[in-house]
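As stored in run39.json (JSON, C-alpha atoms and all ligand atoms):
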```json
[["chain", "number", "residue", "atom", "x", "y", "z"],
["M", 30, "MET", "CA", 0.00, 0.00, 0.00],
["M", 31, "ALA", "CA", 2.85, 2.30, 0.93],
["M", 32, "ASP", "CA", 4.51, 1.43, -2.44],
["M", 33, "GLN", "CA", 1.32, 2.22, -4.35],
["M", 34, "THR", "CA", 1.04, 5.64, -2.70],
["M", 35, "LYS", "CA", 4.66, 6.30, -3.65],
["M", 36, "ASP", "CA", 3.89, 5.34, -7.29],
["M", 37, "ASN", "CA", 1.15, 7.97, -7.46],
["M", 38, "GLN", "CA", 3.44, 10.77, -6.42],
["M", 39, "ALA", "CA", 5.99, 12.54, -8.52],
["M", 40, "GLU", "CA", 9.54, 12.53, -7.24],
["M", 41, "PRO", "CA", 10.30, 16.07, -6.19],
["M", 42, "GLU", "CA", 12.66, 17.90, -8.51],
["M", 43, "LYS", "CA", 16.01, 18.81, -7.01],
["M", 44, "LYS", "CA", 15.64, 22.50, -6.20],
["M", 45, "LYS", "CA", 17.57, 24.69, -8.58],
["M", 46, "LYS", "CA", 17.50, 28.43, -8.61],
["M", 47, "ILE", "CA", 15.13, 29.47, -11.39],
["M", 48, "VAL", "CA", 16.40, 32.58, -13.12],
["M", 49, "ILE", "CA", 13.79, 34.45, -15.12],
["M", 50, "PRO", "CA", 15.49, 35.55, -18.37],
["M", 51, "GLY", "CA", 15.55, 39.19, -19.42],
["M", 52, "ARG", "CA", 13.14, 40.44, -22.05],
["M", 53, "PRO", "CA", 14.36, 40.05, -25.65],
["M", 54, "LYS", "CA", 15.03, 43.27, -27.54],
["M", 55, "LYS", "CA", 12.38, 44.11, -30.13],
["M", 56, "ARG", "CA", 14.60, 46.52, -32.03],
["M", 57, "LEU", "CA", 17.09, 43.71, -32.75],
["M", 58, "PHE", "CA", 14.56, 41.90, -34.89],
["M", 59, "ILE", "CA", 13.32, 45.08, -36.62],
["M", 60, "SER", "CA", 16.87, 46.28, -37.40],
["M", 61, "LEU", "CA", 18.00, 42.96, -38.77],
["M", 62, "LEU", "CA", 14.83, 42.69, -40.81],
["M", 63, "ALA", "CA", 15.42, 46.18, -42.24],
["M", 64, "LEU", "CA", 18.97, 45.22, -43.20],
["M", 65, "THR", "CA", 17.73, 41.97, -44.76],
["M", 66, "MET", "CA", 15.14, 43.92, -46.69],
["M", 67, "VAL", "CA", 17.71, 46.33, -48.11],
["M", 68, "LEU", "CA", 19.91, 43.41, -49.22],
["M", 69, "ALA", "CA", 16.94, 41.48, -50.64],
["M", 70, "SER", "CA", 15.86, 44.57, -52.63],
["M", 71, "ALA", "CA", 19.43, 45.01, -53.93],
["M", 72, "LEU", "CA", 19.44, 41.33, -54.92],
["M", 73, "LEU", "CA", 16.10, 41.69, -56.73],
["M", 74, "TYR", "CA", 17.43, 44.73, -58.56],
["M", 75, "GLY", "CA", 20.62, 42.84, -59.49],
["M", 76, "VAL", "CA", 18.65, 39.86, -60.81],
["M", 77, "TRP", "CA", 16.41, 42.18, -62.82],
["M", 78, "TYR", "CA", 19.38, 44.13, -64.20],
["M", 79, "ILE", "CA", 21.21, 40.99, -65.34],
["M", 80, "ALA", "CA", 18.07, 39.37, -66.78],
["M", 81, "ARG", "CA", 16.91, 42.55, -68.55],
["M", 82, "PRO", "CA", 18.62, 41.96, -71.98],
["M", 83, "GLY", "CA", 17.39, 38.34, -72.09],
["M", 84, "LEU", "CA", 13.87, 39.38, -71.11],
["M", 85, "SER", "CA", 13.65, 42.07, -73.80],
["M", 86, "GLU", "CA", 14.70, 39.51, -76.41],
["M", 87, "ILE", "CA", 11.68, 37.38, -75.44],
["M", 88, "ALA", "CA", 9.34, 40.40, -75.48],
["M", 89, "PRO", "CA", 10.25, 44.12, -75.31],
["M", 90, "VAL", "CA", 7.64, 44.69, -72.60],
["M", 91, "LEU", "CA", 8.95, 41.93, -70.26],
["M", 92, "PRO", "CA", 11.68, 43.96, -68.45],
["M", 93, "THR", "CA", 9.06, 46.56, -67.49],
["M", 94, "VAL", "CA", 6.57, 43.90, -66.33],
["M", 95, "VAL", "CA", 9.15, 41.96, -64.28],
["M", 96, "GLY", "CA", 10.66, 45.22, -62.93],
["M", 97, "GLY", "CA", 7.14, 46.34, -61.94],
["M", 98, "ILE", "CA", 6.47, 43.07, -60.06],
["M", 99, "PHE", "CA", 9.80, 43.33, -58.22],
["M", 100, "ALA", "CA", 9.06, 46.98, -57.35],
["M", 101, "VAL", "CA", 5.61, 46.05, -55.94],
["M", 102, "ILE", "CA", 7.22, 43.32, -53.77],
["M", 103, "ALA", "CA", 9.86, 45.77, -52.49],
["M", 104, "VAL", "CA", 7.28, 48.50, -51.74],
["M", 105, "ALA", "CA", 4.99, 46.00, -49.93],
["M", 106, "ALA", "CA", 7.96, 44.86, -47.84],
["M", 107, "VAL", "CA", 8.92, 48.45, -46.96],
["M", 108, "LEU", "CA", 5.31, 49.29, -45.99],
["M", 109, "SER", "CA", 5.06, 46.14, -43.84],
["M", 110, "LEU", "CA", 8.30, 46.95, -42.08],
["M", 111, "ILE", "CA", 7.35, 50.59, -41.47],
["M", 112, "ASN", "CA", 3.93, 49.46, -40.24],
["M", 113, "MET", "CA", 5.52, 46.98, -37.84],
["M", 114, "ALA", "CA", 8.04, 49.53, -36.58],
["M", 115, "PHE", "CA", 5.22, 52.06, -35.99],
["M", 116, "ALA", "CA", 3.20, 49.45, -34.08],
["M", 117, "VAL", "CA", 6.21, 48.53, -31.94],
["M", 118, "ALA", "CA", 6.91, 52.22, -31.24],
["M", 119, "GLY", "CA", 3.28, 52.75, -30.19],
["M", 120, "LEU", "CA", 2.55, 55.07, -33.13],
["M", 121, "CYS", "CA", -0.42, 55.00, -35.48],
["M", 122, "TYR", "CA", -0.32, 51.94, -37.76],
["M", 123, "LEU", "CA", -2.51, 49.99, -40.15],
["M", 124, "PRO", "CA", -3.87, 46.78, -38.54],
["M", 125, "PHE", "CA", -4.91, 45.39, -41.93],
["M", 126, "LEU", "CA", -1.24, 45.20, -42.91],
["M", 127, "ARG", "CA", -0.60, 42.81, -40.03],
["M", 128, "ARG", "CA", -1.03, 39.78, -42.31],
["M", 129, "GLN", "CA", 1.50, 41.16, -44.82],
["M", 130, "SER", "CA", 3.86, 41.85, -41.94],
["M", 131, "TYR", "CA", 3.68, 38.22, -40.78],
["M", 132, "GLU", "CA", 4.15, 36.86, -44.30],
["M", 133, "PHE", "CA", 7.00, 39.23, -44.89],
["M", 134, "VAL", "CA", 8.60, 38.08, -41.62],
["M", 135, "ASN", "CA", 8.19, 34.43, -42.65],
["M", 136, "LEU", "CA", 9.84, 35.09, -45.95],
["M", 137, "LEU", "CA", 12.79, 37.07, -44.67],
["M", 138, "PHE", "CA", 13.41, 35.37, -41.33],
["M", 139, "PRO", "CA", 15.84, 32.66, -42.63],
["M", 140, "LEU", "CA", 17.84, 35.38, -44.40],
["M", 141, "ALA", "CA", 17.86, 37.54, -41.26],
["M", 142, "VAL", "CA", 19.26, 34.56, -39.28],
["M", 143, "GLN", "CA", 22.12, 34.16, -41.77],
["M", 144, "LEU", "CA", 22.80, 37.86, -41.67],
["M", 145, "GLY", "CA", 22.84, 37.96, -37.87],
["M", 146, "ARG", "CA", 25.56, 35.28, -37.61],
["M", 147, "PRO", "CA", 28.58, 37.45, -38.50],
["M", 148, "PHE", "CA", 27.36, 39.94, -35.85],
["M", 149, "GLY", "CA", 27.23, 37.15, -33.27],
["M", 150, "ILE", "CA", 23.42, 37.22, -33.12],
["M", 151, "GLY", "CA", 22.17, 33.68, -32.56],
["M", 152, "LYS", "CA", 18.97, 32.27, -34.04],
["M", 153, "ARG", "CA", 17.44, 31.87, -30.60],
["M", 154, "LYS", "CA", 18.02, 35.52, -29.73],
["M", 155, "LEU", "CA", 16.41, 36.55, -32.99],
["M", 156, "GLU", "CA", 13.43, 34.24, -32.43],
["M", 157, "GLY", "CA", 13.02, 35.72, -28.93],
["M", 158, "SER", "CA", 13.01, 39.17, -30.48],
["M", 159, "PHE", "CA", 10.39, 38.08, -33.06],
["M", 160, "ILE", "CA", 8.14, 36.82, -30.25],
["M", 161, "ALA", "CA", 8.50, 40.11, -28.39],
["M", 162, "VAL", "CA", 7.47, 41.99, -31.57],
["M", 163, "SER", "CA", 4.58, 39.60, -32.21],
["M", 164, "ASN", "CA", 3.34, 39.93, -28.59],
["M", 165, "LEU", "CA", 3.49, 43.67, -28.86],
["M", 166, "LEU", "CA", 1.46, 43.65, -32.09],
["M", 167, "PHE", "CA", -1.05, 41.42, -30.31],
["M", 168, "SER", "CA", -1.45, 43.86, -27.44],
["M", 169, "ARG", "CA", -1.53, 46.93, -29.76],
["M", 170, "LEU", "CA", -4.48, 45.35, -31.56],
["M", 171, "GLY", "CA", -6.26, 45.30, -28.19],
["M", 172, "ILE", "CA", -7.40, 41.70, -28.67],
["M", 173, "ARG", "CA", -9.56, 40.54, -25.77],
["M", 174, "VAL", "CA", -11.67, 37.38, -25.69],
["M", 175, "PRO", "CA", -14.00, 35.67, -23.21],
["M", 176, "ALA", "CA", -12.16, 33.09, -21.08],
["M", 177, "ASP", "CA", -13.92, 30.14, -22.75],
["M", 178, "ARG", "CA", -12.61, 31.26, -26.16],
["M", 179, "LEU", "CA", -8.99, 31.35, -25.04],
["M", 180, "LEU", "CA", -6.73, 28.34, -25.40],
["M", 181, "VAL", "CA", -3.57, 28.01, -23.33],
["M", 182, "VAL", "CA", -1.13, 25.38, -24.61],
["M", 183, "THR", "CA", 2.11, 24.25, -23.03],
["M", 184, "PRO", "CA", 4.68, 21.68, -24.11],
["M", 185, "HIS", "CA", 5.05, 18.34, -22.36],
["M", 186, "CYS", "CA", 8.46, 19.28, -20.95],
["M", 187, "LEU", "CA", 6.78, 21.57, -18.43],
["M", 188, "GLN", "CA", 5.65, 18.45, -16.59],
["M", 189, "LEU", "CA", 8.10, 16.99, -14.07],
["M", 190, "ALA", "CA", 9.86, 14.16, -15.91],
["M", 191, "THR", "CA", 9.30, 11.69, -13.05],
["M", 192, "CYS", "CA", 5.59, 12.46, -12.71],
["M", 193, "PRO", "CA", 3.55, 9.26, -13.29],
["M", 194, "HIS", "CA", 0.32, 11.05, -14.25],
["M", 195, "LYS", "CA", -0.75, 11.24, -17.87],
["M", 196, "ILE", "CA", -1.80, 14.81, -18.48],
["M", 197, "THR", "CA", -1.46, 15.15, -22.26],
["M", 198, "ARG", "CA", -5.05, 14.15, -23.01],
["M", 199, "ASP", "CA", -6.51, 15.49, -19.80],
["M", 200, "PRO", "CA", -4.56, 17.97, -17.64],
["M", 201, "ASN", "CA", -7.07, 17.36, -14.86],
["M", 202, "ASN", "CA", -5.19, 14.11, -14.17],
["M", 203, "CYS", "CA", -2.58, 16.35, -12.52],
["M", 204, "LYS", "CA", -2.63, 15.91, -8.73],
["M", 205, "ARG", "CA", -1.31, 19.46, -8.17],
["M", 206, "CYS", "CA", 1.48, 18.24, -5.96],
["M", 207, "GLY", "CA", 3.53, 21.37, -6.67],
["M", 208, "GLY", "CA", 6.34, 19.37, -8.32],
["M", 209, "CYS", "CA", 6.03, 21.44, -11.50],
["M", 210, "ASP", "CA", 4.07, 24.39, -12.92],
["M", 211, "ILE", "CA", 1.32, 22.22, -14.48],
["M", 212, "GLY", "CA", -0.63, 22.15, -11.21],
["M", 213, "ALA", "CA", -0.61, 25.95, -10.97],
["M", 214, "LEU", "CA", -1.79, 26.23, -14.60],
["M", 215, "VAL", "CA", -4.64, 23.74, -14.04],
["M", 216, "ALA", "CA", -5.70, 25.73, -10.96],
["M", 217, "LEU", "CA", -5.52, 28.98, -12.96],
["M", 218, "SER", "CA", -7.64, 27.50, -15.77],
["M", 219, "GLU", "CA", -10.29, 26.58, -13.20],
["M", 220, "GLU", "CA", -10.14, 30.02, -11.62],
["M", 221, "MET", "CA", -10.29, 31.99, -14.88],
["M", 222, "GLY", "CA", -12.17, 29.55, -17.13],
["M", 223, "PHE", "CA", -9.84, 29.21, -20.16],
["M", 224, "HIS", "CA", -9.09, 25.95, -21.99],
["M", 225, "PHE", "CA", -5.79, 24.45, -20.95],
["M", 226, "PHE", "CA", -3.93, 21.65, -22.74],
["M", 227, "VAL", "CA", -0.51, 20.07, -22.70],
["M", 228, "ALA", "CA", 0.62, 19.17, -26.22],
["M", 229, "THR", "CA", 3.34, 16.70, -27.15],
["M", 230, "GLY", "CA", 3.91, 18.28, -30.55],
["M", 231, "GLY", "CA", 2.62, 20.49, -33.33],
["M", 232, "THR", "CA", 0.10, 17.91, -34.62],
["M", 233, "LEU", "CA", -1.62, 17.51, -31.26],
["M", 234, "ALA", "CA", -1.56, 21.29, -30.77],
["M", 235, "ARG", "CA", -3.32, 21.77, -34.12],
["M", 236, "GLN", "CA", -5.91, 19.10, -33.17],
["M", 237, "ILE", "CA", -6.58, 20.93, -29.90],
["M", 238, "VAL", "CA", -7.01, 24.23, -31.76],
["M", 239, "TYR", "CA", -9.43, 22.50, -34.16],
["M", 240, "LYS", "CA", -11.39, 20.96, -31.29],
["M", 241, "THR", "CA", -11.63, 23.98, -28.99],
["M", 242, "ARG", "CA", -12.11, 26.61, -31.74],
["M", 243, "PRO", "CA", -10.53, 29.43, -29.72],
["M", 244, "LYS", "CA", -10.50, 33.10, -30.71],
["M", 245, "ALA", "CA", -7.00, 33.54, -29.32],
["M", 246, "VAL", "CA", -4.13, 31.36, -28.13],
["M", 247, "LEU", "CA", -1.59, 31.81, -25.38],
["M", 248, "ALA", "CA", 1.33, 29.46, -25.94],
["M", 249, "ILE", "CA", 4.11, 28.64, -23.50],
["M", 250, "ALA", "CA", 7.23, 27.19, -25.13],
["M", 251, "CYS", "CA", 10.83, 27.80, -26.16],
["M", 252, "GLU", "CA", 11.72, 30.41, -28.80],
["M", 253, "ARG", "CA", 11.76, 27.95, -31.69],
["M", 254, "ASP", "CA", 8.40, 26.32, -30.89],
["M", 255, "LEU", "CA", 6.73, 29.64, -30.15],
["M", 256, "MET", "CA", 7.97, 31.10, -33.39],
["M", 257, "SER", "CA", 6.65, 28.20, -35.47],
["M", 258, "GLY", "CA", 3.51, 27.85, -33.33],
["M", 259, "ILE", "CA", 2.52, 31.52, -33.67],
["M", 260, "GLN", "CA", 2.93, 31.25, -37.43],
["M", 261, "ASP", "CA", 1.12, 27.87, -37.58],
["M", 262, "VAL", "CA", -2.04, 29.14, -35.89],
["M", 263, "TYR", "CA", -2.11, 32.38, -37.92],
["M", 264, "PRO", "CA", -4.61, 34.09, -38.62],
["M", 265, "LEU", "CA", -5.64, 33.17, -35.07],
["M", 266, "PRO", "CA", -4.05, 35.79, -32.81],
["M", 267, "ALA", "CA", -1.46, 34.23, -30.53],
["M", 268, "VAL", "CA", 0.65, 35.51, -27.70],
["M", 269, "GLY", "CA", 3.77, 33.68, -26.55],
["M", 270, "VAL", "CA", 5.32, 33.28, -23.11],
["M", 271, "LEU", "CA", 8.85, 31.89, -23.10],
["M", 272, "ASN", "CA", 9.53, 28.92, -20.89],
["M", 273, "ILE", "CA", 12.49, 28.84, -18.49],
["M", 274, "ARG", "CA", 15.03, 26.03, -18.87],
["M", 275, "PRO", "CA", 17.19, 25.67, -15.77],
["M", 276, "ASN", "CA", 17.85, 22.00, -16.67],
["M", 277, "GLY", "CA", 18.63, 22.51, -20.36],
["M", 278, "PRO", "CA", 16.21, 22.27, -23.28],
["M", 279, "CYS", "CA", 13.05, 20.14, -23.17],
["M", 280, "TYR", "CA", 13.56, 18.84, -19.64],
["M", 281, "ASN", "CA", 11.73, 19.89, -16.48],
["M", 282, "THR", "CA", 11.10, 23.36, -17.81],
["M", 283, "HIS", "CA", 9.28, 26.12, -15.95],
["M", 284, "VAL", "CA", 7.29, 29.23, -16.70],
["M", 285, "ASP", "CA", 7.05, 32.58, -14.97],
["M", 286, "MET", "CA", 3.52, 32.21, -13.52],
["M", 287, "ALA", "CA", 3.30, 35.93, -12.72],
["M", 288, "GLU", "CA", 3.92, 36.70, -16.41],
["M", 289, "VAL", "CA", 1.30, 34.12, -17.47],
["M", 290, "ARG", "CA", -1.27, 35.68, -15.15],
["M", 291, "ARG", "CA", -0.39, 39.18, -16.37],
["M", 292, "GLN", "CA", -0.91, 38.15, -19.99],
["M", 293, "LEU", "CA", -4.16, 36.32, -19.17],
["M", 294, "GLU", "CA", -5.58, 39.32, -17.36],
["M", 295, "ARG", "CA", -4.81, 41.43, -20.42],
["M", 296, "ILE", "CA", -6.47, 39.03, -22.86],
["M", 297, "ILE", "CA", -9.50, 37.72, -20.97],
["M", 298, "ILE", "CA", -12.60, 39.89, -20.86],
["M", 299, "PRO", "CA", -13.77, 39.92, -17.23],
["M", 300, "LYS", "CA", -17.02, 38.05, -16.59],
["M", 301, "GLY", "CA", -20.06, 40.30, -17.01],
["M", 302, "ASN", "CA", -18.29, 42.51, -19.61],
["M", 303, "GLU", "CA", -18.35, 39.94, -22.46],
["M", 401, "LIG", "S1", 2.01, 19.24, -10.44],
["M", 401, "LIG", "FE1", 0.84, 17.68, -11.56],
["M", 401, "LIG", "S2", 2.00, 17.27, -13.40],
["M", 401, "LIG", "FE2", 3.39, 18.35, -11.99],
["M", 401, "LIG", "S3", 4.46, 16.71, -10.90],
["M", 401, "LIG", "FE3", 2.66, 17.24, -9.66],
["M", 401, "LIG", "S4", 1.08, 15.82, -10.33],
["M", 401, "LIG", "FE4", 2.68, 15.78, -11.88]]
```

Can the structure in the file be given as structure tokens, please?
Ligand code: SF4
Amino acid sequence: MADQTKDNQAEPEKKKKIVIPGRPKKRLFISLLALTMVLASALLYGVWYIARPGLSEIAPVLPTVVGGIFAVIAVAAVLSLINMAFAVAGLCYLPFLRRQSYEFVNLLFPLAVQLGRPFGIGKRKLEGSFIAVSNLLFSRLGIRVPADRLLVVTPHCLQLATCPHKITRDPNNCKRCGGCDIGALVALSEEMGFHFFVATGGTLARQIVYKTRPKAVLAIACERDLMSGIQDVYPLPAVGVLNIRPNGPCYNTHVDMAEVRRQLERIIIPKGNE
């Protein structure tokens, strides 16, 4: 009997000091994106300039048509970047250009990563900066939803590795022993009324989104998963909270619960005001 009781309890994690990381710099992402855009425009111009004689041999109008298309792409990119920078700076911006901004970010992000390397800017740092920009755009749009239309998703690594309870299909199986942050999140979901799920990967996360049909998502994960997750659920607005990894990646991770609560209070419309 004593053994059975032991089986039902998670082994407590060896206490390690949990350091909450500093906030990533938003301007890092914007600056690198601006530089990438300048280089991409120069590249487009170079391609057009070299291809021009060949194009005019096919049809005299082709250089103008191709040049026009390239110019439209460059102008759209500039507008998206300016719009994003205005939003980040708290100035007047055009919310309808948000989609273009995301697509533009998707397109140029791999190039920005390559460009950041010689300056010693790692991919993770850049992803963190992207999330900060994305979160800011989310809050500038003033998106607020009723609690039952908000989905909170966390990765499996937030659960204590030695915990014997299966929480991926039903987080309510958590016994709230305090061994990890899952218990606090389950309690918070009960208190505030949002949907809470623990996903083992992108496929399950997408299934959960399909099933719960939220109007907004709050995701807790590492930079890489947040970056891809935010883009995966688009056009659904998503806000990301970075996990904390005192034990290395994907193992007994944590989250700043005060930050989660702060974000939730900003997104959820208080009962009675829906
Ligand atoms: S809080 Fe829940 S998930 Fe975490 S170790 Fe305890 S029982 Fe397991």

Do you have, as a tab-separated table, the list of residues of chain M lying at most 7 Å from ligand LIG 401 (chain M), each with its nearest atom pair and that distance in Å to one decimal, counting all atoms listed in the file and ordered by chain then number?
```
residue	atom	partner	partner_atom	distance
M:Gln38	CA	M:LIG401	S4	6.8
M:Ala39	CA	M:LIG401	S3	5.0
M:Gln188	CA	M:LIG401	S2	5.0
M:Leu189	CA	M:LIG401	S3	4.8
M:Cys192	CA	M:LIG401	FE4	4.5
M:Pro193	CA	M:LIG401	FE4	6.7
M:His194	CA	M:LIG401	FE4	5.8
M:Ile196	CA	M:LIG401	S2	6.8
M:Cys203	CA	M:LIG401	FE1	3.8
M:Lys204	CA	M:LIG401	S4	4.0
M:Arg205	CA	M:LIG401	S1	4.0
M:Cys206	CA	M:LIG401	FE3	4.0
M:Gly207	CA	M:LIG401	S1	4.6
M:Gly208	CA	M:LIG401	S3	4.2
M:Cys209	CA	M:LIG401	FE2	4.1
M:Asp210	CA	M:LIG401	S1	6.1
M:Ile211	CA	M:LIG401	FE2	5.0
M:Gly212	CA	M:LIG401	S1	4.0
```

Applying 8 Å and all atoms listed in the file, which residues near region 89-105 of chain M remain after dropping the ones on its own chain fewer than 6 positions away? List them as a PDB file with C-alpha atoms, in the coordinates of the input.
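For reference, part.pdb as written:
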```pdb
ATOM      1  CA  SER M  70      15.860  44.570 -52.630  1.00  0.00           C
ATOM      2  CA  LEU M  73      16.100  41.690 -56.730  1.00  0.00           C
ATOM      3  CA  TYR M  74      17.430  44.730 -58.560  1.00  0.00           C
ATOM      4  CA  TRP M  77      16.410  42.180 -62.820  1.00  0.00           C
ATOM      5  CA  ARG M  81      16.910  42.550 -68.550  1.00  0.00           C
ATOM      6  CA  GLN M 129       1.500  41.160 -44.820  1.00  0.00           C
TER       7      GLN M 129
END
```

Against region 285-301 of chain M, which residues of region 120-207 of chain M fall within 12 Å? For each one I want the closest pair of atoms and the distance in Å (one decimal), counting only C-alpha atoms, rows by chain and increasing residue number, as a Markdown table.
```
| residue | atom | partner | partner_atom | distance |
| --- | --- | --- | --- | --- |
| M:Asn164 | CA | M:Gln292 | CA | 9.8 |
| M:Leu165 | CA | M:Gln292 | CA | 11.3 |
| M:Phe167 | CA | M:Ile296 | CA | 9.5 |
| M:Ser168 | CA | M:Arg295 | CA | 8.2 |
| M:Arg169 | CA | M:Arg295 | CA | 11.3 |
| M:Leu170 | CA | M:Ile296 | CA | 10.9 |
| M:Gly171 | CA | M:Ile296 | CA | 8.2 |
| M:Ile172 | CA | M:Ile296 | CA | 6.5 |
| M:Arg173 | CA | M:Ile296 | CA | 4.5 |
| M:Val174 | CA | M:Ile297 | CA | 5.2 |
| M:Pro175 | CA | M:Ile298 | CA | 5.0 |
| M:Ala176 | CA | M:Ile297 | CA | 5.3 |
| M:Asp177 | CA | M:Ile297 | CA | 9.0 |
| M:Arg178 | CA | M:Ile297 | CA | 8.9 |
| M:Leu179 | CA | M:Ile297 | CA | 7.6 |
| M:Leu180 | CA | M:Leu293 | CA | 10.4 |
| M:Val181 | CA | M:Leu293 | CA | 9.3 |
| M:Val182 | CA | M:Val289 | CA | 11.5 |
| M:Thr183 | CA | M:Val289 | CA | 11.4 |
| M:Leu187 | CA | M:Asp285 | CA | 11.5 |
```

If you measure from CA of Glu156 (chain M) to CA of Ile259 (chain M), what distance in Å do you get, rounded to one decimal? 11.3 Å

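Interatomic distance, CA of Phe226 (chain M) against CA of Leu155 (chain M): 27.2 Å.
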
For Met66 (chain M), which residue among M:Ile160, M:Met113, M:Leu140, M:Ile249 is the nearest when counting all atoms listed in the file? M:Leu140

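For the atom pair formed by CA of Asn202 (chain M) and CA of Leu214 (chain M), the distance is 12.6 Å, given to one decimal.
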
Would you kindly return, as an MDAnalysis selection string, each protein, DNA or RNA residue with an atom no farther than 9 Å from any atom of Arg253 (chain M), considering all atoms listed in the file and excluding same-chain residues fewer than 6 positions away? chainID M and resid 152:153 156:157

I need the chosen residues saved as a compact mmCIF listing (two decimals), keeping the file's coordinate frame, with C-alpha atoms.
```txt
# COMPACT_ATOMS: atom_id res chain seq x y z
CA LYS M 152 18.97 32.27 -34.04
CA ARG M 153 17.44 31.87 -30.60
CA GLU M 156 13.43 34.24 -32.43
CA GLY M 157 13.02 35.72 -28.93
```
